[in-house]
$ cat coords_39.cif   # mmCIF, C-alpha atoms
data_final
loop_
_atom_site.label_atom_id
_atom_site.label_comp_id
_atom_site.auth_asym_id
_atom_site.auth_seq_id
_atom_site.Cartn_x
_atom_site.Cartn_y
_atom_site.Cartn_z
CA MET A 1 -9.38 -10.08 35.14
CA LEU A 2 -9.15 -8.70 38.69
CA GLY A 3 -6.28 -9.17 41.13
CA VAL A 4 -6.59 -10.33 44.74
CA ASP A 5 -7.14 -6.73 45.78
CA GLY A 6 -10.10 -6.36 43.42
CA LYS A 7 -8.18 -4.15 40.98
CA VAL A 8 -7.10 -4.76 37.41
CA PRO A 9 -3.41 -5.82 37.46
CA LEU A 10 -0.83 -3.72 35.61
CA THR A 11 0.74 -6.83 34.02
CA LEU A 12 -0.40 -10.32 33.06
CA ASN A 13 1.70 -13.47 33.10
CA LEU A 14 1.07 -14.45 29.47
CA PRO A 15 3.52 -15.81 26.88
CA ALA A 16 4.73 -13.31 24.29
CA ASN A 17 3.14 -13.44 20.85
CA LYS A 18 5.95 -14.46 18.50
CA SER A 19 4.03 -13.93 15.25
CA LEU A 20 3.16 -10.78 13.33
CA ILE A 21 -0.29 -10.23 14.86
CA PRO A 22 -1.94 -13.22 13.13
CA GLY A 23 -5.25 -12.45 11.48
CA ILE A 24 -4.76 -8.67 11.50
CA VAL A 25 -2.00 -8.23 8.90
CA HIS A 26 -0.31 -10.74 6.63
CA SER A 27 1.91 -10.94 3.58
CA ASP A 28 0.20 -12.08 0.39
CA GLU A 29 1.66 -13.73 -2.72
CA PHE A 30 -1.74 -13.43 -4.47
CA THR A 31 -1.82 -17.17 -5.15
CA ARG A 32 -5.05 -18.95 -4.29
CA LYS A 33 -6.20 -22.56 -4.03
CA LYS A 34 -9.71 -23.47 -5.17
CA LYS A 35 -11.31 -23.22 -1.73
CA ASP A 36 -9.41 -20.12 -0.61
CA ALA A 37 -11.16 -16.80 -0.19
CA ALA A 38 -10.30 -14.37 -2.97
CA LEU A 39 -9.20 -11.84 -0.36
CA PRO A 40 -8.46 -12.79 3.28
CA LEU A 41 -9.87 -10.58 6.04
CA VAL A 42 -6.54 -8.80 6.46
CA TRP A 43 -7.47 -6.88 3.29
CA GLN A 44 -10.04 -4.08 3.11
CA TRP A 45 -11.01 -1.78 0.23
CA ASN A 46 -10.89 1.99 0.68
CA HIS A 47 -14.39 2.25 -0.87
CA ASN A 48 -17.07 -0.25 -1.80
CA PRO A 49 -15.18 -1.99 -4.61
CA GLU A 50 -16.10 -2.19 -8.26
CA ASN A 51 -15.66 -5.94 -8.49
CA SER A 52 -15.38 -6.05 -12.27
CA LEU A 53 -12.21 -3.97 -12.03
CA TRP A 54 -10.02 -6.27 -9.92
CA SER A 55 -8.96 -9.86 -10.38
CA LEU A 56 -6.78 -12.62 -8.99
CA ASN A 57 -7.64 -14.97 -11.87
CA GLU A 58 -6.78 -13.06 -15.02
CA ARG A 59 -3.07 -13.49 -14.28
CA LYS A 60 -2.27 -16.26 -11.83
CA GLY A 61 -0.22 -15.12 -8.86
CA PHE A 62 -0.99 -11.43 -9.41
CA LEU A 63 -3.53 -8.90 -8.19
CA ARG A 64 -4.78 -7.02 -11.24
CA LEU A 65 -6.26 -3.55 -10.68
CA LYS A 66 -8.06 -2.21 -13.75
CA THR A 67 -9.32 1.31 -14.44
CA GLY A 68 -12.98 1.93 -15.24
CA ARG A 69 -13.50 5.61 -14.53
CA LEU A 70 -11.51 8.86 -14.40
CA ASP A 71 -10.40 10.41 -11.12
CA THR A 72 -8.80 13.77 -10.44
CA SER A 73 -6.50 12.49 -7.68
CA PHE A 74 -5.50 9.49 -5.59
CA TYR A 75 -7.76 10.66 -2.77
CA PHE A 76 -10.90 10.01 -4.83
CA ALA A 77 -9.79 6.75 -6.47
CA ARG A 78 -11.70 3.53 -5.77
CA ASN A 79 -10.39 -0.04 -5.54
CA THR A 80 -7.38 0.77 -3.41
CA LEU A 81 -6.67 -2.45 -1.49
CA THR A 82 -5.42 -1.81 2.05
CA GLN A 83 -3.93 -3.42 5.15
CA ARG A 84 -3.23 -1.98 8.57
CA THR A 85 0.11 -0.59 9.61
CA VAL A 86 1.46 -1.93 12.92
CA GLY A 87 3.76 -0.48 15.55
CA PRO A 88 6.23 0.31 16.75
CA VAL A 89 7.72 -0.12 13.25
CA CYS A 90 6.67 -1.87 10.05
CA THR A 91 7.52 -2.20 6.36
CA GLY A 92 5.38 -2.85 3.32
CA ILE A 93 6.86 -3.98 -0.02
CA THR A 94 5.28 -4.71 -3.38
CA SER A 95 6.33 -5.57 -6.93
CA LEU A 96 4.45 -4.01 -9.82
CA ASP A 97 4.20 -4.74 -13.55
CA VAL A 98 3.17 -1.59 -15.42
CA ALA A 99 3.34 -2.86 -19.02
CA ASN A 100 -0.39 -2.41 -19.60
CA MET A 101 -0.99 0.99 -18.06
CA LYS A 102 -2.38 3.78 -20.25
CA ASP A 103 -1.70 7.49 -20.63
CA GLY A 104 -2.65 9.25 -17.39
CA ASP A 105 -2.66 6.11 -15.23
CA PHE A 106 -1.02 6.15 -11.80
CA ALA A 107 -0.35 2.94 -9.81
CA GLY A 108 1.77 2.04 -6.80
CA LEU A 109 2.07 1.77 -3.01
CA CYS A 110 0.54 4.23 -0.57
CA LEU A 111 0.07 5.03 3.08
CA LEU A 112 -3.60 5.94 3.14
CA GLN A 113 -4.92 8.68 5.39
CA LYS A 114 -6.21 12.21 4.78
CA ASN A 115 -2.58 13.38 4.82
CA TYR A 116 -1.36 10.51 2.69
CA GLY A 117 1.94 9.58 1.10
CA LEU A 118 2.60 7.37 -1.91
CA VAL A 119 5.12 6.23 -4.47
CA GLY A 120 4.06 4.93 -7.85
CA VAL A 121 4.41 4.87 -11.61
CA GLN A 122 2.75 7.64 -13.57
CA MET A 123 2.15 7.38 -17.31
CA LYS A 124 2.38 10.43 -19.55
CA GLY A 125 1.91 9.33 -23.13
CA ASN A 126 4.28 6.41 -23.53
CA ASN A 127 6.69 7.73 -20.89
CA LYS A 128 6.85 6.24 -17.40
CA SER A 129 8.00 8.06 -14.26
CA ILE A 130 8.43 7.05 -10.63
CA VAL A 131 6.58 9.71 -8.62
CA MET A 132 6.44 10.28 -4.87
CA ILE A 133 3.63 12.43 -3.48
CA ASN A 134 3.60 13.77 0.08
CA ALA A 135 0.41 15.22 1.56
CA SER A 136 1.74 15.70 5.11
CA GLY A 137 0.60 19.32 5.14
CA GLY A 138 -2.90 18.59 3.84
CA ASN A 139 -2.10 19.30 0.19
CA ALA A 140 -0.60 16.80 -2.24
CA VAL A 141 2.96 17.81 -3.14
CA GLU A 142 4.92 16.04 -5.87
CA ALA A 143 8.16 15.56 -3.96
CA ALA A 144 10.14 13.56 -6.56
CA THR A 145 9.94 12.42 -10.18
CA VAL A 146 12.36 9.87 -11.65
CA PRO A 147 12.26 8.65 -15.29
CA MET A 148 11.64 4.91 -15.61
CA PHE A 149 12.59 2.68 -18.54
CA GLN A 150 11.37 -0.81 -17.56
CA ASN A 151 8.07 -2.54 -16.88
CA THR A 152 8.73 -4.11 -13.47
CA ILE A 153 9.36 -1.93 -10.42
CA TYR A 154 9.54 -2.53 -6.66
CA PHE A 155 8.23 -0.14 -3.99
CA LYS A 156 8.71 -0.03 -0.23
CA ALA A 157 7.26 2.08 2.59
CA GLN A 158 8.72 2.06 6.10
CA CYS A 159 6.77 3.37 9.12
CA ASP A 160 8.29 4.36 12.45
CA PHE A 161 5.83 5.01 15.28
CA THR A 162 8.50 4.71 18.01
CA ASN A 163 8.12 7.32 20.76
CA LYS A 164 5.49 9.14 18.68
CA LYS A 165 7.86 9.77 15.77
CA ASP A 166 5.04 8.86 13.36
CA VAL A 167 7.12 9.17 10.20
CA ALA A 168 7.40 7.13 7.03
CA ASP A 169 9.92 6.88 4.20
CA PHE A 170 9.40 5.62 0.66
CA PHE A 171 11.78 3.71 -1.60
CA TYR A 172 11.97 2.19 -5.06
CA SER A 173 14.13 -0.54 -6.53
CA LEU A 174 14.83 -1.56 -10.10
CA ASP A 175 15.85 -5.11 -9.16
CA GLY A 176 14.17 -5.85 -5.82
CA ASN A 177 17.47 -5.80 -3.93
CA ASN A 178 18.99 -2.32 -4.09
CA TRP A 179 16.70 0.31 -2.63
CA ILE A 180 16.75 4.05 -3.32
CA THR A 181 15.04 6.61 -1.09
CA VAL A 182 12.56 8.71 -3.03
CA GLY A 183 10.86 11.98 -2.16
CA THR A 184 10.46 13.43 1.31
CA GLN A 185 9.62 11.94 4.69
CA LEU A 186 5.92 11.64 5.43
CA LYS A 187 4.80 13.01 8.78
CA MET A 188 1.87 10.79 9.72
CA THR A 189 -0.95 12.69 11.41
CA TYR A 190 -4.08 11.08 12.79
CA THR A 191 -7.21 12.69 11.33
CA LEU A 192 -10.90 11.96 11.81
CA PRO A 193 -11.87 11.70 8.10
CA HIS A 194 -9.84 8.44 8.08
CA PHE A 195 -10.26 7.50 11.73
CA MET A 196 -8.77 3.99 11.29
CA GLY A 197 -5.23 5.42 11.10
CA TYR A 198 -2.64 4.92 8.38
CA ARG A 199 -2.94 1.87 6.13
CA PHE A 200 -0.72 0.40 3.45
CA GLY A 201 -2.50 0.39 0.11
CA LEU A 202 -2.10 -0.86 -3.46
CA PHE A 203 -3.71 1.50 -5.96
CA ASN A 204 -4.28 2.16 -9.64
CA TYR A 205 -6.41 4.91 -11.12
CA ALA A 206 -6.91 6.70 -14.44
CA THR A 207 -6.93 10.42 -15.17
CA LYS A 208 -7.23 10.47 -18.98
CA GLU A 209 -8.62 7.19 -20.35
CA THR A 210 -9.92 3.93 -18.95
CA GLY A 211 -9.06 0.33 -19.77
CA GLY A 212 -5.49 0.11 -18.50
CA TYR A 213 -4.38 -2.17 -15.71
CA ALA A 214 -1.51 -2.78 -13.28
CA ASP A 215 -0.41 -6.18 -11.97
CA PHE A 216 0.87 -6.51 -8.37
CA ASP A 217 2.98 -9.63 -7.84
CA TYR A 218 2.87 -9.65 -4.03
CA PHE A 219 2.58 -7.58 -0.87
CA HIS A 220 5.00 -8.30 1.98
CA ILE A 221 4.62 -6.81 5.46
CA THR A 222 7.09 -7.13 8.34
CA ASP A 223 7.39 -5.65 11.83
CA THR A 224 10.91 -4.37 11.12
CA ILE A 225 12.56 -1.57 9.17
CA ASP A 226 15.95 -1.45 7.48
CA LYS A 227 18.48 0.70 9.23
#
$ encode --input "coords_39.cif" --output "structure tokens"
Amino acid sequence: MLGVDGKVPLTLNLPANKSLIPGIVHSDEFTRKKKDAALPLVWQWNHNPENSLWSLNERKGFLRLKTGRLDTSFYFARNTLTQRTVGPVCTGITSLDVANMKDGDFAGLCLLQKNYGLVGVQMKGNNKSIVMINASGGNAVEAATVPMFQNTIYFKAQCDFTNKKDVADFFYSLDGNNWITVGTQLKMTYTLPHFMGYRFGLFNYATKETGGYADFDYFHITDTIDK
């Protein structure tokens, strides 16, 4: 659109968008009607998916991510389901049932980029731990480990892009209401290997044996952060 002087105007007289960027990001309860798409377009996989290893039908109202191969780290894992982050601030929250994970499995919520950050549940034998990993500096650093003694856990990631802060904080909750900061702050750096920028992601991968699975109850995204 050109102005009367033949130049592009600096501002446009358009009504403000009052929704959370419809069609680009959206919360998901993982419930589907018969004619609904299995995954709306707001979701993208980090790799070409192995379709036999994810399901929205095996447990109604849950996204099930199953393991079918061994991976050495999160960075190489397939079937991580992602959505965009949005600015200037945003929050992603999920609830996870880990009752059927196996020794060596790791599942949770991430911010996917080359210099990624994540919080999840890691299985070692029959013992569960909440683990936060921070790869701000290019190498994955285990920044926190907390013993866990229940099967349902809640994770949250908050992103702040205001004035080029580009930082994110991770949290866990045992009841979905009271949140505890975990690990260290992620400094989000744009890199070309993942040129699309940082994305929220739900992941589950195996390091020792296959056949386990993690059930995600929902993913909620908002354009706010808790102060």
$ residues_near_point --input "coords_39.cif" --point "(-1.9, -3.1, -6.5)" --cutoff "9 Å" --atoms "only C-alpha atoms" --output "ChimeraX atom specification"
/A:62-65,80-81,94-96,107-109,201-204,214-219
$ atom_distance --input "coords_39.cif" --atom1 "atom CA of Leu111 of chain A" --atom2 "atom CA of Pro40 of chain A"
19.8 Å
$ residues_around --input "coords_39.cif" --residues "segment 47-53 of chain A" --least-positions-apart "5" --cutoff "7 Å" --atoms "all atoms listed in the file" --output "ChimeraX atom specification"
/A:65-68,78-79
$ resolve_selection --input "coords_39.cif" --expression "the PyMOL selection byres ((chain A and resi 28) around 7)" --output "PyMOL selection string"
chain A and resi 26-27+29-30+218-220
$ resolve_selection --input "coords_39.cif" --expression "the PyMOL selection byres ((chain A and resi 120) around 9)" --output "number ranges by chain"
A: 106-110, 118-119, 121-122, 129-133, 155, 172, 203-204
$ atom_distance --input "coords_39.cif" --atom1 "atom CA of Lys114 of chain A" --atom2 "atom CA of Lys165 of chain A"
18.0 Å
$ closest_residue --input "coords_39.cif" --among "A:Lys34, A:Thr191, A:Gly104, A:Leu112" --to "Asn46 of chain A" --atoms "only C-alpha atoms"
A:Leu112
$ closest_residue --input "coords_39.cif" --among "A:Asp175, A:Glu58, A:Asp169, A:Glu209" --to "Gly125 of chain A" --atoms "all atoms listed in the file"
A:Glu209
$ residues_around --input "coords_39.cif" --residues "Ser73 of chain A" --least-positions-apart "2" --cutoff "10 Å" --atoms "only C-alpha atoms" --output "count of residues only"
10
$ atom_distance --input "coords_39.cif" --atom1 "atom CA of Ile153 of chain A" --atom2 "atom CA of Lys208 of chain A"
22.4 Å
$ resolve_selection --input "coords_39.cif" --expression "the PyMOL selection byres ((chain A and resi 136) around 7)" --output "JSON, numbers by chain"
{"A": [115, 116, 134, 135, 137, 138, 186, 187, 188]}
$ closest_residue --input "coords_39.cif" --among "A:Lys7, A:Thr31, A:Ala37, A:Cys90" --to "Arg199 of chain A" --atoms "only C-alpha atoms"
A:Cys90
$ residues_around --input "coords_39.cif" --residues "Tyr190 of chain A" --least-positions-apart "3" --cutoff "10 Å" --atoms "only C-alpha atoms" --output "list of chain:residue names"
A:Gln113, A:Lys114, A:Asn115, A:Asp166, A:Lys187, A:Pro193, A:His194, A:Phe195, A:Met196, A:Gly197, A:Tyr198
$ residues_around --input "coords_39.cif" --residues "segment 182-185 of chain A" --least-positions-apart "3" --cutoff "6 Å" --atoms "all atoms listed in the file" --output "ChimeraX atom specification"
/A:132,143-144,168-171
$ closest_residue --input "coords_39.cif" --among "A:Phe74, A:Trp179, A:Trp43, A:Phe149" --to "Gly117 of chain A" --atoms "all atoms listed in the file"
A:Phe74
$ residues_near_point --input "coords_39.cif" --point "(-14.1, -7.7, 7.6)" --cutoff "12 Å" --atoms "all atoms listed in the file" --output "PyMOL selection string"
chain A and resi 23-24+39-45+82-83
$ axis_aligned_box --input "coords_39.cif" --around "segment 58-76 of chain A" --padding-each-side "6 Å" --output "JSON"
{"center_x": -6.9, "center_y": -1.2, "center_z": -9.0, "size_x": 25.3, "size_y": 42.0, "size_z": 24.5}
$ decode --input "coords_39.cif" --residues "segment 85-96 of chain A" --atoms "all heavy atoms" --output "mmCIF file, in the first residue's frame"
data_model
loop_
_atom_site.group_PDB
_atom_site.id
_atom_site.type_symbol
_atom_site.label_atom_id
_atom_site.label_comp_id
_atom_site.auth_asym_id
_atom_site.auth_seq_id
_atom_site.Cartn_x
_atom_site.Cartn_y
_atom_site.Cartn_z
ATOM 1 N N THR A 85 7.592 -20.151 19.146
ATOM 2 C CA THR A 85 7.500 -19.161 20.211
ATOM 3 C C THR A 85 7.045 -17.849 19.585
ATOM 4 O O THR A 85 7.182 -17.640 18.377
ATOM 5 C CB THR A 85 8.847 -18.953 20.908
ATOM 6 O OG1 THR A 85 9.847 -18.579 19.925
ATOM 7 C CG2 THR A 85 9.304 -20.225 21.617
ATOM 8 N N VAL A 86 6.475 -16.957 20.398
ATOM 9 C CA VAL A 86 6.037 -15.647 19.910
ATOM 10 C C VAL A 86 6.552 -14.569 20.848
ATOM 11 O O VAL A 86 6.816 -14.817 22.024
ATOM 12 C CB VAL A 86 4.498 -15.565 19.803
ATOM 13 C CG1 VAL A 86 3.991 -16.540 18.751
ATOM 14 C CG2 VAL A 86 3.830 -15.850 21.137
ATOM 15 N N GLY A 87 6.704 -13.369 20.334
ATOM 16 C CA GLY A 87 7.174 -12.262 21.136
ATOM 17 C C GLY A 87 6.076 -11.243 21.388
ATOM 18 O O GLY A 87 5.010 -11.312 20.778
ATOM 19 N N PRO A 88 6.333 -10.311 22.301
ATOM 20 C CA PRO A 88 7.607 -10.136 23.007
ATOM 21 C C PRO A 88 7.829 -11.123 24.150
ATOM 22 O O PRO A 88 8.959 -11.319 24.576
ATOM 23 C CB PRO A 88 7.511 -8.698 23.544
ATOM 24 C CG PRO A 88 6.034 -8.478 23.722
ATOM 25 C CD PRO A 88 5.379 -9.203 22.595
ATOM 26 N N VAL A 89 6.740 -11.752 24.649
ATOM 27 C CA VAL A 89 6.890 -12.765 25.693
ATOM 28 C C VAL A 89 5.898 -13.894 25.409
ATOM 29 O O VAL A 89 4.883 -13.688 24.745
ATOM 30 C CB VAL A 89 6.641 -12.203 27.117
ATOM 31 C CG1 VAL A 89 7.647 -11.125 27.464
ATOM 32 C CG2 VAL A 89 5.211 -11.674 27.252
ATOM 33 N N CYS A 90 6.198 -15.080 25.923
ATOM 34 C CA CYS A 90 5.265 -16.194 25.786
ATOM 35 C C CYS A 90 5.597 -17.278 26.798
ATOM 36 O O CYS A 90 6.707 -17.337 27.329
ATOM 37 C CB CYS A 90 5.265 -16.766 24.364
ATOM 38 S SG CYS A 90 6.855 -17.392 23.795
ATOM 39 N N THR A 91 4.613 -18.143 27.032
ATOM 40 C CA THR A 91 4.749 -19.242 27.986
ATOM 41 C C THR A 91 4.165 -20.506 27.394
ATOM 42 O O THR A 91 3.092 -20.473 26.789
ATOM 43 C CB THR A 91 4.016 -18.911 29.300
ATOM 44 O OG1 THR A 91 4.592 -17.753 29.895
ATOM 45 C CG2 THR A 91 4.108 -20.076 30.289
ATOM 46 N N GLY A 92 4.877 -21.612 27.566
ATOM 47 C CA GLY A 92 4.373 -22.919 27.180
ATOM 48 C C GLY A 92 4.297 -23.829 28.394
ATOM 49 O O GLY A 92 5.229 -23.851 29.209
ATOM 50 N N ILE A 93 3.199 -24.553 28.537
ATOM 51 C CA ILE A 93 2.970 -25.428 29.698
ATOM 52 C C ILE A 93 2.463 -26.780 29.203
ATOM 53 O O ILE A 93 1.648 -26.844 28.275
ATOM 54 C CB ILE A 93 1.940 -24.826 30.671
ATOM 55 C CG1 ILE A 93 2.420 -23.474 31.211
ATOM 56 C CG2 ILE A 93 1.664 -25.768 31.837
ATOM 57 C CD1 ILE A 93 1.403 -22.780 32.105
ATOM 58 N N THR A 94 2.935 -27.841 29.826
ATOM 59 C CA THR A 94 2.423 -29.173 29.518
ATOM 60 C C THR A 94 2.310 -30.002 30.778
ATOM 61 O O THR A 94 2.954 -29.705 31.797
ATOM 62 C CB THR A 94 3.315 -29.894 28.485
ATOM 63 O OG1 THR A 94 2.641 -31.052 28.002
ATOM 64 C CG2 THR A 94 4.655 -30.295 29.103
ATOM 65 N N SER A 95 1.484 -31.055 30.704
ATOM 66 C CA SER A 95 1.353 -32.041 31.770
ATOM 67 C C SER A 95 1.740 -33.391 31.190
ATOM 68 O O SER A 95 1.331 -33.746 30.082
ATOM 69 C CB SER A 95 -0.082 -32.085 32.290
ATOM 70 O OG SER A 95 -0.248 -33.154 33.200
ATOM 71 N N LEU A 96 2.512 -34.152 31.960
ATOM 72 C CA LEU A 96 3.124 -35.370 31.446
ATOM 73 C C LEU A 96 2.919 -36.530 32.413
ATOM 74 O O LEU A 96 3.145 -36.397 33.610
ATOM 75 C CB LEU A 96 4.625 -35.104 31.246
ATOM 76 C CG LEU A 96 5.535 -36.253 30.833
ATOM 77 C CD1 LEU A 96 5.106 -36.831 29.501
ATOM 78 C CD2 LEU A 96 6.974 -35.757 30.755
#
